[in-house]
Every structure is written in structure tokens, then in C-alpha cells.
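The structure appears below as C-alpha cells.
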Amino acid sequence: MPSDAVEVEEAGFLQKFMWFWNKAGVFVVLVAVWVILAVLSRGMALGGANVINVIRQVSIIGVIAVGMTGVILLGLIDLSVGSIVAFTGIIIAAIQVWWMKGQNEYLTLLICIVVAIAAGAAVGFFNGFVSTKGRIHPFIVTLGSLTIFRGATMFVGGGRPITGMSQAFRYIGAGELFKDYLPWGLFIPVPMVVFLVIVAIAAFVLRKTAFGRSIYAIGGNQEAAYLSGIMVDRVKIATFTILGGLCGVSSLILTSRLNSGEVVAGQGYELDVIASVIIGGTSMNGGEGGVIGTLAGALLIGVIQNGLNLLMVQPYWQLVVKGAIIILAVLMDRLQRSFQTL
Amino acid sequence: MAKLLEMTAIDKSFFGVRILRKVDFDLESGEVHALLGANGAGKSTLIKILSGAYTLDAGRILVGGETVDMSRHSPESALALGVATIYQNFHLIPHLTVAENICLSDFSTGGKRWVNWGAMRKKAGKALAAIGLDIDPGKKVRDLRVSQQQMLEIAIALNANARIIIMDEPTAAISQRETENLFDLIRGIRARGVGIIYISHRLEEIRRIADRVTVLRDGMNVGTLAVDDNLSLGAVVEMIAGREVKTGRRARTTTLGDEFGRVEELRVPGYGDPVALSVRAGEILGITGLVGAGKSEFARALFGADRALSGGVYVEGRRVDVSTPSSAIAGGLGYLPEDRDASGLCMGLSLKDNISLTALAKSRSPTFSVRRDAQLSGRFRKDLAIKSVNANQQVRYLSGGNKQKVIFAKWLAAECRLLVLDEPTIGIDVGAREDIYRLIEDFVGRGRAVLLISSDFDEVLALTDRLLVMSRGRITAELDPDKTDKPEIMSYCLGVNDRSVRHAAV
């Protein structure tokens with residue numbers, strides 16, 4: 001048995017580097033990639049309009065990734081996020097175009113916001129409840145709801161997109177804040193504000209609330225958390241429900257930007273969302289990571305995608321690059337862990 | 001003719017602790033040689049050296065008169081020498097058929113690529129018939145009964161030409177009748193010249209099946225006896241437990257109060273008899289027994305970690321809902337699990353976060369006060385003398401003793417009333433052990449109570465106010481630690497004596 005005598009060994013350079021990498025590596029990579037792309041694109045990547053564009057696009061994925069961070073911190077997964085986005089999107093489109101046509105725009109907007117979040121949360125609750133109480137791995141359950149709610153989306157929309165959102169609603173995706181106060185025609189896009197506010201709230205919840213700390217505890221060691229009196233099932237269900245609600249928020253932005261509820265909306269989002277979380281340093285095993293890393297992870301994916309677009313790289317190659325980055329990120333994580341145990 | 005197995009002067013240390021000291025052990029062909037000893041006496045270490053799982057530090061092993069090259073000894077080479085171990089948890093593949101499990105090494109392909117099902121079934125049938133086992137080779141292993149699986153393992157071992165078969169507690173999980181079948185089987189293979197090393201805690205079985213018995217204590221061979229009519233079980237018990245009668249009681253001024261906690265007829269899943277006990281304010285109540293006696297299962301059911309089939313738990317006169325840990329905690333219970341790494345701690349979280357786990361679970365306010373959290377961990381870190389870099393250090397880097405203190409702090413933070421400790425000092429060095437004892441004494445000193453579950457007789461004798469002995473899920477004795485000794489405890493553990501205590505009253 002190692003005794004108490006050896007408490008702290010002097011951390012070697014490698015350990016120190018790994019520690020730093022663990023904490024801030026993704027930000028370093030983000031800045032480096034941005035600089036490289038800026039040089040390659042002769043400054044285009046740094047243009048104000050382009051940056052705003054990147055952030056606006058990232059918000060849609062990012063909002064979901066914040067919720068997914070909670071689920072992955074629990075050591076779980078949700079594959080159904082893209083379908084939840086589509087399902088809530090078609091509902092709010094239907095509300096505006098069919099069910100509440102001609103009503104007060106702002107009342108409709110309010111109802112859309114409430115319904116989108118509530119419908120998303122309901123699907124999330126379903127995922128959480130079935131997987132915890134039924135003792136089925138969420139991988140299976142959410143694979144099921146991925147299919148179910150894609151089908152439900154087609155059913156609600158009759159297989160066709162529902163187009164023509166109200167002016168008030170379109171503000172969610174297109175709104176430009178502080179345009180009069182910022183130079184060079186720059187502005188703060190509404191989705192960015194939504195995204196950052198959600199990141200801030202999530203960071204607070206994860207760090208300073210009993211609920212947030214419980215997520216880390218369960219992800220760290222479910223048995224120990226349970227034996228300490230933490231209501232494991234309840235926390236899991238709540239986390240899935242929140243993720244569902246955030247899919248609803250994301251859907252508000254997406255539907256507003258597309259000006260349409262699309263049957264194929266959000267297809268493949270789970271890939272980008274999970275990638276953002278993992279690249280952001282949250283461990284697939286749960287218990288380690290956080291939402292600030294996810295912010296950086298989502299930005300990194302957005303920046304790379306945007307950069308490749310600017311450099312006119314073929315979309316096929318973009319997919320290859322994205323996939324490679326995901327594997328690389330996890331590989332770094334593994335390496336870092338193996339150094340930790342040295 | 002040379003002996004089937006000779007092990008001479010086997011020495012083995014782990015982390016500087018000597019587990020085996022110059023142990024001699026031998027086995028004749030056609031003999032059943034029982035190996036006895038308390039938990040931690042070195043039985044499994046000795047067996048694992050023989051089966052190639054561990055290396056040895058010093059000593060010599062001869063199989064069939066030939067020296068085994070210990071530098072190259074491995075599980076594979078042990079099998080090649082004909083040494084097979086039948087473990088309690090089977091090494092069978094449940095989803096494959098009996099035939100496949102028997103022919104697992106090559107699937108009877110005869111070096112070709114294709115599986116020959118016919119040949120495989122025939123080979124399997126022969127192996128099963130050889131020991132008179134009536135199982136359909138086409139059956140899946142998961143559909144067999146536990147005892148059949150065990151016999152299948154023996155068939156596999158014999159099919160691989162095993163000459164020495166090690167059986168580790170073979171009757172622990174099977175019924176009386178199945179035990180009879182197993183004994184018949186053992187007699188059959190013994191007649192074929194196979195030697196059997198038989199490990200068991202059940203002395204009456206030893207008497208029936210073994211030819212000789214060797215007792216290990218504290219890593220030493222304390223004697224080998226022939227099993228005949230002259231064998232006195234009392235003498236064997238004394239050999240297992242050690243002769244010294246008194247160990248130092250810890251000085252403690254205790255004033256025991258009224259009844260503090262009570263367990264009524266708690267039925268533990270997997271064990272037949274209900275358990276009842278009662279503990280007084282300020283009391284350390286010990287529960288001891290051998291591994292597998294059901295102590296941990298009882299603790300888990302008491303705390304709601306596993307659901308009890310029936311029964312009631314009362315703390316300070318109020319009934320506690322023990323359907324889940326969180327309701328048990330609300331009722332004033334606390335539980336320190338046996339496996340502290342797997343069930344007690346979130347390794348990746350900091351010391352601070354681990355200590356505040358219970359407070360977190362109890363917290364009714366929406367936000368969690370980080371400041372209170374820090375105060376809490378700061379206080380306990382100082383009070384309990386937890387050695388760490390700071391409160392933010394991940395607990396995985398702490399030593400065993402300090403880890404245990406973190407768990408202890410967690411329960412102090414929960415302000416629990418009745419604390420159930422399952423093997424609190426296992427794998428903890430002497431200094432930290434003393435600290436843990438002091439924590440336990442402080443805890444009851446404030447009018448609360450502790451249930452101390454431990455297989456370490458010295459520990460329960462030194463620390464507890466009253467001692468219950470558990471064997472096969474039942475409380476077989478209630479003893480006064482001042483008036484008892486290790487042989488007496490051991491006799492109740494082994495079921496040689498039984499004063500079944502239905503209700504261990506105050």
C-alpha cells in the first residue's frame with residue numbers, strides 16, 4: 001500500500017502541459033485554427049461580417065450542445081436531438097401558418113416560444129423517463145425517438161415544409177442588436193445573445209446548484225452518488241428534459257432563419273452537437289468537463305466549417321475534416337488521461 | 001513414487017507486507033487436501049501462485065517430482081502442467097453450448113478452418129460421461145444450474161488432463177443435495193488419481209471429504225493434520241483463530257444510553273432468515289463473520305442500497321423508510337461501503353465535492369452555496385487530518401486512509417445518527433487505522449451509534465461494546481468482547497457452534 005508519505009510529487013513538464021491542455025487546450029486550438037484560416041483566406045475569415053455569420057450559425061448547434069453537455073457529463077448520450085428540432089419546428093410553423101393564422105403576431109410569437117420549449121422538453125422527458133425507469137440504455141431509447149419524431153414531423157407537416165413565418169417571429173433568427181452603436185455596420189445577432197445567455201446560465205447551474213453538482217457526482221460514480229442520497233433517476237430525467245427544451249430553443253432560431261418548418265430540419269445535428277461537447281473536453285465517460293469547453297468546441301467546428309467554405313473546399317472534404325477532428329480530439333483526451341495516471 | 005505436488009518454503013510479499021512465510025504444502029495423487037484459514041491468512045495467495053496468477057518471491061514447486069520453472073510460470077503453463085482451478089465465479093461462456101465450452105481451445109477443428117459440430121459433440125459427450133455427468137452437450141451454459149456449471153468446469157479441467165484440481169469454496173452457492181452429488185464426483189475423480197486442493201469454511205464438509213487438512217494463519221502453515229476420527233474440530237478452530245486469547249481492548253469511557261436504533265426482522269435478498277438487532281446510544285455494535293457470511297448484504301439492505309424483502313428499521317424511535325438510500329439518509333442513517341473506490345467515492349471529483357455529496361443530496365435550496373461547501377470541507381479536512389494538497393485535489397490521488405476519511409467526513413456532513421461501517425479499515429495502513437478508530441469513538445461519544453461490520457477479529461474485539469457473529473446470513477451468537485476470544489468467535493463463524501440469536505436484544 002502506498003503510504004501517506006508520498007503526497008505531492010513535483011509535476012513534470014509533461015504533466016504541467018497536459019494539465020494546461022486539459023483546461024484550455026481547445027481555446028488554444030480555436031485561436032490557432034482561426035489564425036491559420038485567416039492567413040489562408042487572406043483575412044476573409046477575420047472580417048466582421050464573417051465572424052458574426054459564424055457565431056450566428058454556431059448558435060443553433062451550440063444551444064443544443066449546452067444541453068448535451070449535461071447528458072454526456074452523466075455518461076449518457078442523446079441521439080434524437082435533430083429530430084426534436086424538426087418536430088418542434090414543424091409544430092411552431094404550423095401554429096403560425098395554419099392554426100393561428102391572422103392572430104396577433106406577438107401573441108403568436110409568445111405561444112410559439114412556449115410551445116417549442118414545452119414540446120421539446122416533453123420529448124426529452126420521454127427519453128429520460130423511458131431510459132431510467134425502463135433500464136434501457138439511452139443510446140437505444142433515443143435512437144428510437146430519433147425515428148419516431150422524424151416520422152411525427154412528416155405527419156404534422158403532411159410531408160411538406162410549412163413556409164411563411166411572421167415578421168415578429170423572424171426577429172429571433174434575423175434580429176440585429178446594437179446596430180446603431182457599433183461601427184462598420186456590425187451588430188450583435190439575436191441568436192448569439194440567446195446562445196451566450198444559455199451558456200452563462202448553464203455554467204452557473206453546473207457550478208453552483210445542487211442539481212449541477214449532482215450531475216458531476218453521478219457521472220463520476222453513479223453508485224457512490226446514489227449511496228450518498230442523490231436521486232439519480234430524477235437528475236437524469238431532468239437533464240434529458242432540459243436538453244429537449246434547448247432543442248426547442250434551437251428550433252426557434254432555425255425555423256426563424258429558414259422562414260420555414262422543414263421535414264429534414266436538424267438532420268445529422270447529433271453529430272455536430274456531440275462533437276462540440278467532446279472537442280470541448282467533456283469526457284464520454286461522464287463526470288469531467290463543462291459548458292465553457294462546449295462553447296469553444298462549437299465555435300471550433302463552426303470556424304473550421306466556415307473557413308473551409310471560404311477556401312472553397314468541397315463539402316465532401318469538409319465532412320472528412322470534421323470527422324478527423326472529432327477522432328483527434330478524443331485521442332488527445334485519451335493521451336492526456338494516460339499521462340495523468342503515469 | 002514422487003508426490004503429485006510439493007510446494008516448499010513459499011514466500012510472497014505485497015508492497016512490503018509479507019503474505020506468505022516459508023509455507024510448505026504438498027498433495028498426493030488421489031488425495032483431497034483441505035486448505036483452511038481465516039480471511040487474509042494467505043490461502044488465495046498460495047493458490048494463485050500455484051495456478052500461475054502470481055509470481056513467488058522465494059520457494060520451490062515440484063509437480064510430479066519435476067521442478068517447475070517459476071520464472072516462466074504463468075496461468076497457461078500451469079494448465080499445461082495439469083493444474084486447474086475451479087473458481088466460485090465460473091469461467092464459462094454462458095451464451096455458448098456445453099460442447100463449445102468443452103472444446104473452446106480449438107472447436108474440434110483439427111487445425112482446419114471449419115467447425116466440426118459432430119466431432120465436438122462427441123468429444124464433449126465423452127468428457128461428460130467420464131465423470132458421469134448427464135448434461136446435453138447442445139444445451140447453452142446459461143441454462144444450466146449453478147451446480148451443473150461447476151461440474152462442467154470440473155469436466156473441462158479433466159478433459160484438459162488436469163492432475164491437480166483446486167476448488168475454491170465449491171459448496172458456497174449450491175444446495176445440500178447438489179453438494180452430495182459434488183462429493184460423489186470428487187470421490188470418483190480421486191479414485192482416478194487426481195489430487196484435489198479443497199478450500200472451504202465449512203468444517204463438517206472437510207471432515208467428510210478431505211484426507212488431510214492444512215491450516216494457514218498469518219501467512220504461515222500452522223499445521224497439517226490427517227482427517228480421521230481423532231480429528232477434533234475444536235483443535236482446528238483454534239489453529240485457524242490463533243491461540244492468544246486477549247488482544248488489547250481500546251480504553252474508552254462509554255456511557256451507554258437507551259435503545260437508539262433497532263432493526264426488526266430484516267429479510268435480506270438471497271438469505272433465508274430475517275435478521276434483528278438493537279443498538280444503544282453511544283454503542284459500537286460489532287458484526288463479524290467470514291467473507292460470504294452475508295454481512296455486507298445485510299448492511300446494504302439496512303441502508304436501502306438493495307431492497308430488503310421485509311422488515312423495519314428504527315432510529316431514535318422513528319421508523320426509517322429504507323427503500324432507497326436517500327430516504328434512509330433522511331431517517332438518519334449513514335453507510336460506508338466495503339468497496340470504497342467503487343461505491344464510496346467519485347474519483348474524478350475533488351475532496352470538497354465528495355464531502356459535500358450528502359449535503360448536496362439533502363439540499364432543498366435551488367442554489368448550492370459554494371462558500372458553505374468550502375467551509376464544510378475546510379473544517380473536516382482539518383478535523384479529520386485529511387492529508388491532501390488542497391480541498392480541490394481529486395480524491396483518486398489520496399491514499400486509502402485519506403480516502404476513507406473523506407467518506408467519513410461525508411457522513412459527518414450529513415449529520416447522520418446511526419452509521420453503518422462495512423470493513424472501514426480494509427487495506428488501510430496502521431497510522432490511518434488509528435485515526436479511523438478515533439473517529440468512530442468520537443462519533444458514538446456524542447450519543448450516536450455505530451454498526452461496525454468487520455471480518456477482522458482483532459478489530460471488533462478491540463473496538464466494539466458488543467459483538468454479533470454472522471454465518472450464512474444468520475446471527476449465530478451475541479458475545480461480550482471482554483469475555484470472548486478468537487477461537488470462540490471462529491467457532492460461531494464456522495457454524496461449529498450455533499446459538500442462533502433471533503433478536504439480539506439490548
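Each chain in the C-alpha cells gets a letter, A, B and so on, in the order shown; residues start at 1 in every chain, and ligands are counted from 1 in the order they appear.
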| If we count only C-alpha atoms, which residues of chain B reach to within 9 Å of chain A? Please list them as a PyMOL selection string. | chain B and resi 14-17+303-305+324-330+334-337+340-349+353-354+357-370+387-389+397-402+410-411+427-429+432
| message | Residues near Lys236 of chain A, anyone? I mean within 10 Å using only C-alpha atoms, not counting same-chain ones fewer than 4 positions away, as a list in words. | response |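 Near Lys236 of chain A, the qualifying residues are Gly70, Val71, Leu74, Leu76, Phe125, Asn127, Gly128, Phe129, Ser131, Thr132, Ser214, Ile215, Ile218, Met231, Val232, Phe240, Thr241 and Ile242 of chain A.
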Residues as selected, N, CA, C and O atoms, written as a compact mmCIF listing (two decimals), in the first residue's frame, can you do that?
# COMPACT_ATOMS: atom_id res chain seq x y z
N GLY A 70 -24.70 18.36 -20.41
CA GLY A 70 -25.24 17.76 -19.19
C GLY A 70 -25.42 16.27 -19.34
O GLY A 70 -25.03 15.49 -18.46
N VAL A 71 -26.00 15.87 -20.46
CA VAL A 71 -26.26 14.44 -20.67
C VAL A 71 -24.96 13.65 -20.75
O VAL A 71 -24.82 12.58 -20.15
N LEU A 74 -23.25 13.07 -17.54
CA LEU A 74 -23.84 11.95 -16.81
C LEU A 74 -23.31 10.62 -17.31
O LEU A 74 -23.61 9.57 -16.74
N LEU A 76 -24.05 9.65 -20.38
CA LEU A 76 -25.12 9.15 -21.24
C LEU A 76 -25.03 9.83 -22.61
O LEU A 76 -24.11 10.58 -22.88
N PHE A 125 -38.20 14.54 -21.78
CA PHE A 125 -38.70 13.82 -20.60
C PHE A 125 -38.98 12.36 -20.96
O PHE A 125 -38.62 11.45 -20.22
N ASN A 127 -37.55 10.58 -23.30
CA ASN A 127 -36.26 9.89 -23.41
C ASN A 127 -35.70 9.53 -22.03
O ASN A 127 -35.27 8.40 -21.79
N GLY A 128 -35.71 10.51 -21.15
CA GLY A 128 -35.14 10.30 -19.81
C GLY A 128 -35.94 9.30 -19.00
O GLY A 128 -35.38 8.41 -18.36
N PHE A 129 -37.25 9.43 -19.06
CA PHE A 129 -38.11 8.57 -18.25
C PHE A 129 -37.99 7.12 -18.71
O PHE A 129 -37.78 6.21 -17.89
N SER A 131 -35.63 5.66 -20.44
CA SER A 131 -34.31 5.04 -20.28
C SER A 131 -33.99 4.77 -18.81
O SER A 131 -33.40 3.75 -18.49
N THR A 132 -34.40 5.65 -17.89
CA THR A 132 -34.08 5.38 -16.48
C THR A 132 -35.02 4.35 -15.88
O THR A 132 -34.59 3.38 -15.29
N SER A 214 -24.84 17.53 -8.74
CA SER A 214 -25.29 16.14 -8.76
C SER A 214 -24.96 15.49 -10.10
O SER A 214 -24.63 14.30 -10.15
N ILE A 215 -25.04 16.27 -11.18
CA ILE A 215 -24.71 15.71 -12.50
C ILE A 215 -23.27 15.22 -12.51
O ILE A 215 -22.97 14.12 -12.95
N ILE A 218 -22.94 12.04 -10.31
CA ILE A 218 -23.46 10.82 -10.94
C ILE A 218 -22.53 10.36 -12.06
O ILE A 218 -22.21 9.19 -12.19
N MET A 231 -30.80 11.61 -5.84
CA MET A 231 -31.87 10.96 -6.61
C MET A 231 -31.41 10.82 -8.05
O MET A 231 -31.68 11.71 -8.88
N VAL A 232 -30.73 9.75 -8.32
CA VAL A 232 -30.06 9.59 -9.61
C VAL A 232 -31.04 9.66 -10.77
O VAL A 232 -30.83 10.40 -11.74
N PHE A 240 -32.26 15.20 -19.31
CA PHE A 240 -32.80 14.93 -20.65
C PHE A 240 -33.90 15.92 -21.02
O PHE A 240 -34.01 16.37 -22.16
N THR A 241 -34.72 16.26 -20.00
CA THR A 241 -35.82 17.20 -20.25
C THR A 241 -35.27 18.57 -20.65
O THR A 241 -35.77 19.21 -21.58
N ILE A 242 -34.24 19.00 -19.95
CA ILE A 242 -33.63 20.29 -20.27
C ILE A 242 -33.04 20.27 -21.68
O ILE A 242 -33.21 21.22 -22.46
| message | Please compute the atom CA of Ile55 of chain A-atom CA of Tyr269 of chain A distance, one decimal, in Å. | response |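 A separation of 16.4 Å between them.
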| field | Best match for closeness to Leu246 of chain A among A:Val29, A:Ala296, A:Ala118, A:Ile91, counting only C-alpha atoms | value |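 That would be A:Ala118, the residue with the smallest distance to Leu246 of chain A.
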| request: Could you give me, as a list in words, the residues within 12 Å of Thr142 of chain A, counting only C-alpha atoms and dropping anything in the same chain fewer than 4 positions from it? | output: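 The neighbour list is Leu76, Ile77, Asp78, Leu79, Ser80, Val81, Gly82, Ser83, Ile84, Val123, Gly124, Phe125, Phe126, Asn127, Gly128, Phe129, Val130, Ser131, Ile136, His137, Pro138, Leu146, Thr147, Ile148, Phe149, Arg150, Phe240, Gly244 and Glu270 of chain A.
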| said: One number please: atom CA of Thr214 of chain B to atom CA of Asp485 of chain B, in Å, one decimal. | reply: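 Taking atom CA of Thr214 of chain B as the start and atom CA of Asp485 of chain B as the end point, the length is 22.1 Å.
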| Would you give me, as an MDAnalysis selection string, the residues in segment 241-376 of chain B that DSSP reads as alpha helix (DSSP H)? | chainID B and resid 241 295:303 325:330 351:355 357:362 370:376
Selected residues, C-alpha atoms, written as an mmCIF file, in the first residue's frame, please.
data_model
loop_
_atom_site.group_PDB
_atom_site.id
_atom_site.type_symbol
_atom_site.label_atom_id
_atom_site.label_comp_id
_atom_site.auth_asym_id
_atom_site.auth_seq_id
_atom_site.Cartn_x
_atom_site.Cartn_y
_atom_site.Cartn_z
ATOM 1 C CA ALA B 241 -8.072 -18.472 15.007
ATOM 2 C CA LYS B 295 -22.694 -9.113 6.441
ATOM 3 C CA SER B 296 -22.357 -6.745 3.520
ATOM 4 C CA GLU B 297 -25.676 -7.809 2.047
ATOM 5 C CA PHE B 298 -27.275 -7.078 5.404
ATOM 6 C CA ALA B 299 -25.650 -3.635 5.513
ATOM 7 C CA ARG B 300 -26.795 -2.804 2.015
ATOM 8 C CA ALA B 301 -30.370 -3.862 2.732
ATOM 9 C CA LEU B 302 -30.343 -1.941 6.007
ATOM 10 C CA PHE B 303 -29.342 1.216 4.171
ATOM 11 C CA PRO B 325 -30.520 5.372 0.247
ATOM 12 C CA SER B 326 -31.873 8.895 0.083
ATOM 13 C CA SER B 327 -34.841 8.064 2.318
ATOM 14 C CA ALA B 328 -32.553 6.107 4.660
ATOM 15 C CA ILE B 329 -30.274 9.135 4.914
ATOM 16 C CA ALA B 330 -33.280 11.346 5.639
ATOM 17 C CA LEU B 351 -12.184 16.194 -1.951
ATOM 18 C CA LYS B 352 -14.516 19.125 -1.417
ATOM 19 C CA ASP B 353 -17.112 17.861 -3.864
ATOM 20 C CA ASN B 354 -17.027 14.388 -2.372
ATOM 21 C CA ILE B 355 -17.524 15.637 1.155
ATOM 22 C CA LEU B 357 -22.213 14.948 -1.746
ATOM 23 C CA THR B 358 -24.624 14.164 1.057
ATOM 24 C CA ALA B 359 -25.243 17.809 1.813
ATOM 25 C CA LEU B 360 -25.898 18.251 -1.887
ATOM 26 C CA ALA B 361 -28.446 15.468 -1.906
ATOM 27 C CA LYS B 362 -30.173 16.911 1.125
ATOM 28 C CA VAL B 370 -20.112 27.251 -2.678
ATOM 29 C CA ARG B 371 -18.961 29.157 0.359
ATOM 30 C CA ARG B 372 -20.687 26.841 2.783
ATOM 31 C CA ASP B 373 -19.318 23.963 0.786
ATOM 32 C CA ALA B 374 -15.780 25.262 1.152
ATOM 33 C CA GLN B 375 -16.259 25.909 4.877
ATOM 34 C CA LEU B 376 -17.576 22.414 5.344
#
| query | When you draw a straight line from atom CA of Ala324 of chain A to atom CA of Gln305 of chain A, how long is it in Å? | reply |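 Atom CA of Gln305 of chain A lies at a distance of 12.9 Å from atom CA of Ala324 of chain A.
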| field | strand (DSSP E or B) residues, from DSSP on the backbone, in segment 69-223 of chain A, as an NGL selection string | value | :A and (162-163 or 176-177 or 188-189 or 209)
| request: Using only C-alpha atoms, determine which residues lie at most 6 Å from segment 201-213 of chain B, disregarding the query and same-chain residues fewer than 3 positions distant; provide the list as a PyMOL selection string. | output: chain B and resi 32-35+224-227
Polymer residues at most 12 Å from Ala53 of chain B, only C-alpha atoms, same-chain spacing of 6 or more positions, as a PDB file with N, CA, C and O atoms, in the first residue's frame:
ATOM      1  N   SER B  44      -5.652 -17.782  -0.663  1.00  0.00           N
ATOM      2  CA  SER B  44      -5.805 -17.497  -2.084  1.00  0.00           C
ATOM      3  C   SER B  44      -4.477 -17.094  -2.712  1.00  0.00           C
ATOM      4  O   SER B  44      -4.236 -17.378  -3.876  1.00  0.00           O
ATOM      5  N   THR B  45      -3.595 -16.468  -1.935  1.00  0.00           N
ATOM      6  CA  THR B  45      -2.288 -16.125  -2.480  1.00  0.00           C
ATOM      7  C   THR B  45      -1.525 -17.393  -2.837  1.00  0.00           C
ATOM      8  O   THR B  45      -0.930 -17.499  -3.914  1.00  0.00           O
ATOM      9  N   LEU B  46      -1.560 -18.365  -1.960  1.00  0.00           N
ATOM     10  CA  LEU B  46      -0.865 -19.627  -2.198  1.00  0.00           C
ATOM     11  C   LEU B  46      -1.407 -20.303  -3.463  1.00  0.00           C
ATOM     12  O   LEU B  46      -0.649 -20.776  -4.319  1.00  0.00           O
ATOM     13  N   ILE B  47      -2.740 -20.315  -3.558  1.00  0.00           N
ATOM     14  CA  ILE B  47      -3.391 -20.943  -4.712  1.00  0.00           C
ATOM     15  C   ILE B  47      -3.046 -20.209  -5.998  1.00  0.00           C
ATOM     16  O   ILE B  47      -2.791 -20.819  -7.030  1.00  0.00           O
ATOM     17  N   MET B  70       9.860 -21.451 -12.137  1.00  0.00           N
ATOM     18  CA  MET B  70       8.965 -20.390 -11.654  1.00  0.00           C
ATOM     19  C   MET B  70       9.139 -19.075 -12.404  1.00  0.00           C
ATOM     20  O   MET B  70       8.267 -18.227 -12.383  1.00  0.00           O
ATOM     21  N   ARG B  72       9.096 -18.785 -15.450  1.00  0.00           N
ATOM     22  CA  ARG B  72       8.217 -18.810 -16.617  1.00  0.00           C
ATOM     23  C   ARG B  72       6.833 -19.305 -16.276  1.00  0.00           C
ATOM     24  O   ARG B  72       6.055 -19.644 -17.162  1.00  0.00           O
ATOM     25  N   HIS B  73       6.539 -19.391 -14.977  1.00  0.00           N
ATOM     26  CA  HIS B  73       5.241 -19.916 -14.580  1.00  0.00           C
ATOM     27  C   HIS B  73       4.157 -18.887 -14.910  1.00  0.00           C
ATOM     28  O   HIS B  73       4.283 -17.715 -14.611  1.00  0.00           O
ATOM     29  N   SER B  74       3.109 -19.354 -15.557  1.00  0.00           N
ATOM     30  CA  SER B  74       2.010 -18.464 -15.927  1.00  0.00           C
ATOM     31  C   SER B  74       0.732 -19.298 -15.887  1.00  0.00           C
ATOM     32  O   SER B  74       0.797 -20.520 -15.770  1.00  0.00           O
ATOM     33  N   PRO B  75      -0.425 -18.659 -15.960  1.00  0.00           N
ATOM     34  CA  PRO B  75      -1.663 -19.451 -15.977  1.00  0.00           C
ATOM     35  C   PRO B  75      -1.644 -20.506 -17.081  1.00  0.00           C
ATOM     36  O   PRO B  75      -2.133 -21.616 -16.886  1.00  0.00           O
ATOM     37  N   GLU B  76      -1.049 -20.174 -18.226  1.00  0.00           N
ATOM     38  CA  GLU B  76      -1.020 -21.143 -19.322  1.00  0.00           C
ATOM     39  C   GLU B  76      -0.122 -22.328 -18.980  1.00  0.00           C
ATOM     40  O   GLU B  76      -0.488 -23.480 -19.206  1.00  0.00           O
ATOM     41  N   SER B  77       1.063 -22.013 -18.444  1.00  0.00           N
ATOM     42  CA  SER B  77       1.982 -23.107 -18.155  1.00  0.00           C
ATOM     43  C   SER B  77       1.447 -23.968 -17.012  1.00  0.00           C
ATOM     44  O   SER B  77       1.676 -25.169 -16.969  1.00  0.00           O
ATOM     45  N   ALA B  78       0.699 -23.337 -16.088  1.00  0.00           N
ATOM     46  CA  ALA B  78       0.094 -24.115 -15.001  1.00  0.00           C
ATOM     47  C   ALA B  78      -0.906 -25.112 -15.575  1.00  0.00           C
ATOM     48  O   ALA B  78      -0.939 -26.279 -15.183  1.00  0.00           O
ATOM     49  N   LEU B  79      -1.699 -24.659 -16.519  1.00  0.00           N
ATOM     50  CA  LEU B  79      -2.665 -25.555 -17.162  1.00  0.00           C
ATOM     51  C   LEU B  79      -1.938 -26.689 -17.875  1.00  0.00           C
ATOM     52  O   LEU B  79      -2.350 -27.843 -17.814  1.00  0.00           O
ATOM     53  N   VAL B  83      -2.562 -28.201 -13.718  1.00  0.00           N
ATOM     54  CA  VAL B  83      -3.142 -27.538 -12.556  1.00  0.00           C
ATOM     55  C   VAL B  83      -4.361 -26.726 -13.016  1.00  0.00           C
ATOM     56  O   VAL B  83      -4.233 -25.811 -13.824  1.00  0.00           O
ATOM     57  N   ALA B  84      -5.544 -27.075 -12.522  1.00  0.00           N
ATOM     58  CA  ALA B  84      -6.758 -26.368 -12.924  1.00  0.00           C
ATOM     59  C   ALA B  84      -7.473 -25.840 -11.690  1.00  0.00           C
ATOM     60  O   ALA B  84      -7.496 -26.495 -10.660  1.00  0.00           O
ATOM     61  N   THR B  85      -8.006 -24.638 -11.801  1.00  0.00           N
ATOM     62  CA  THR B  85      -8.712 -24.033 -10.673  1.00  0.00           C
ATOM     63  C   THR B  85     -10.192 -23.885 -11.012  1.00  0.00           C
ATOM     64  O   THR B  85     -10.540 -23.406 -12.096  1.00  0.00           O
TER      65      THR B  85
END
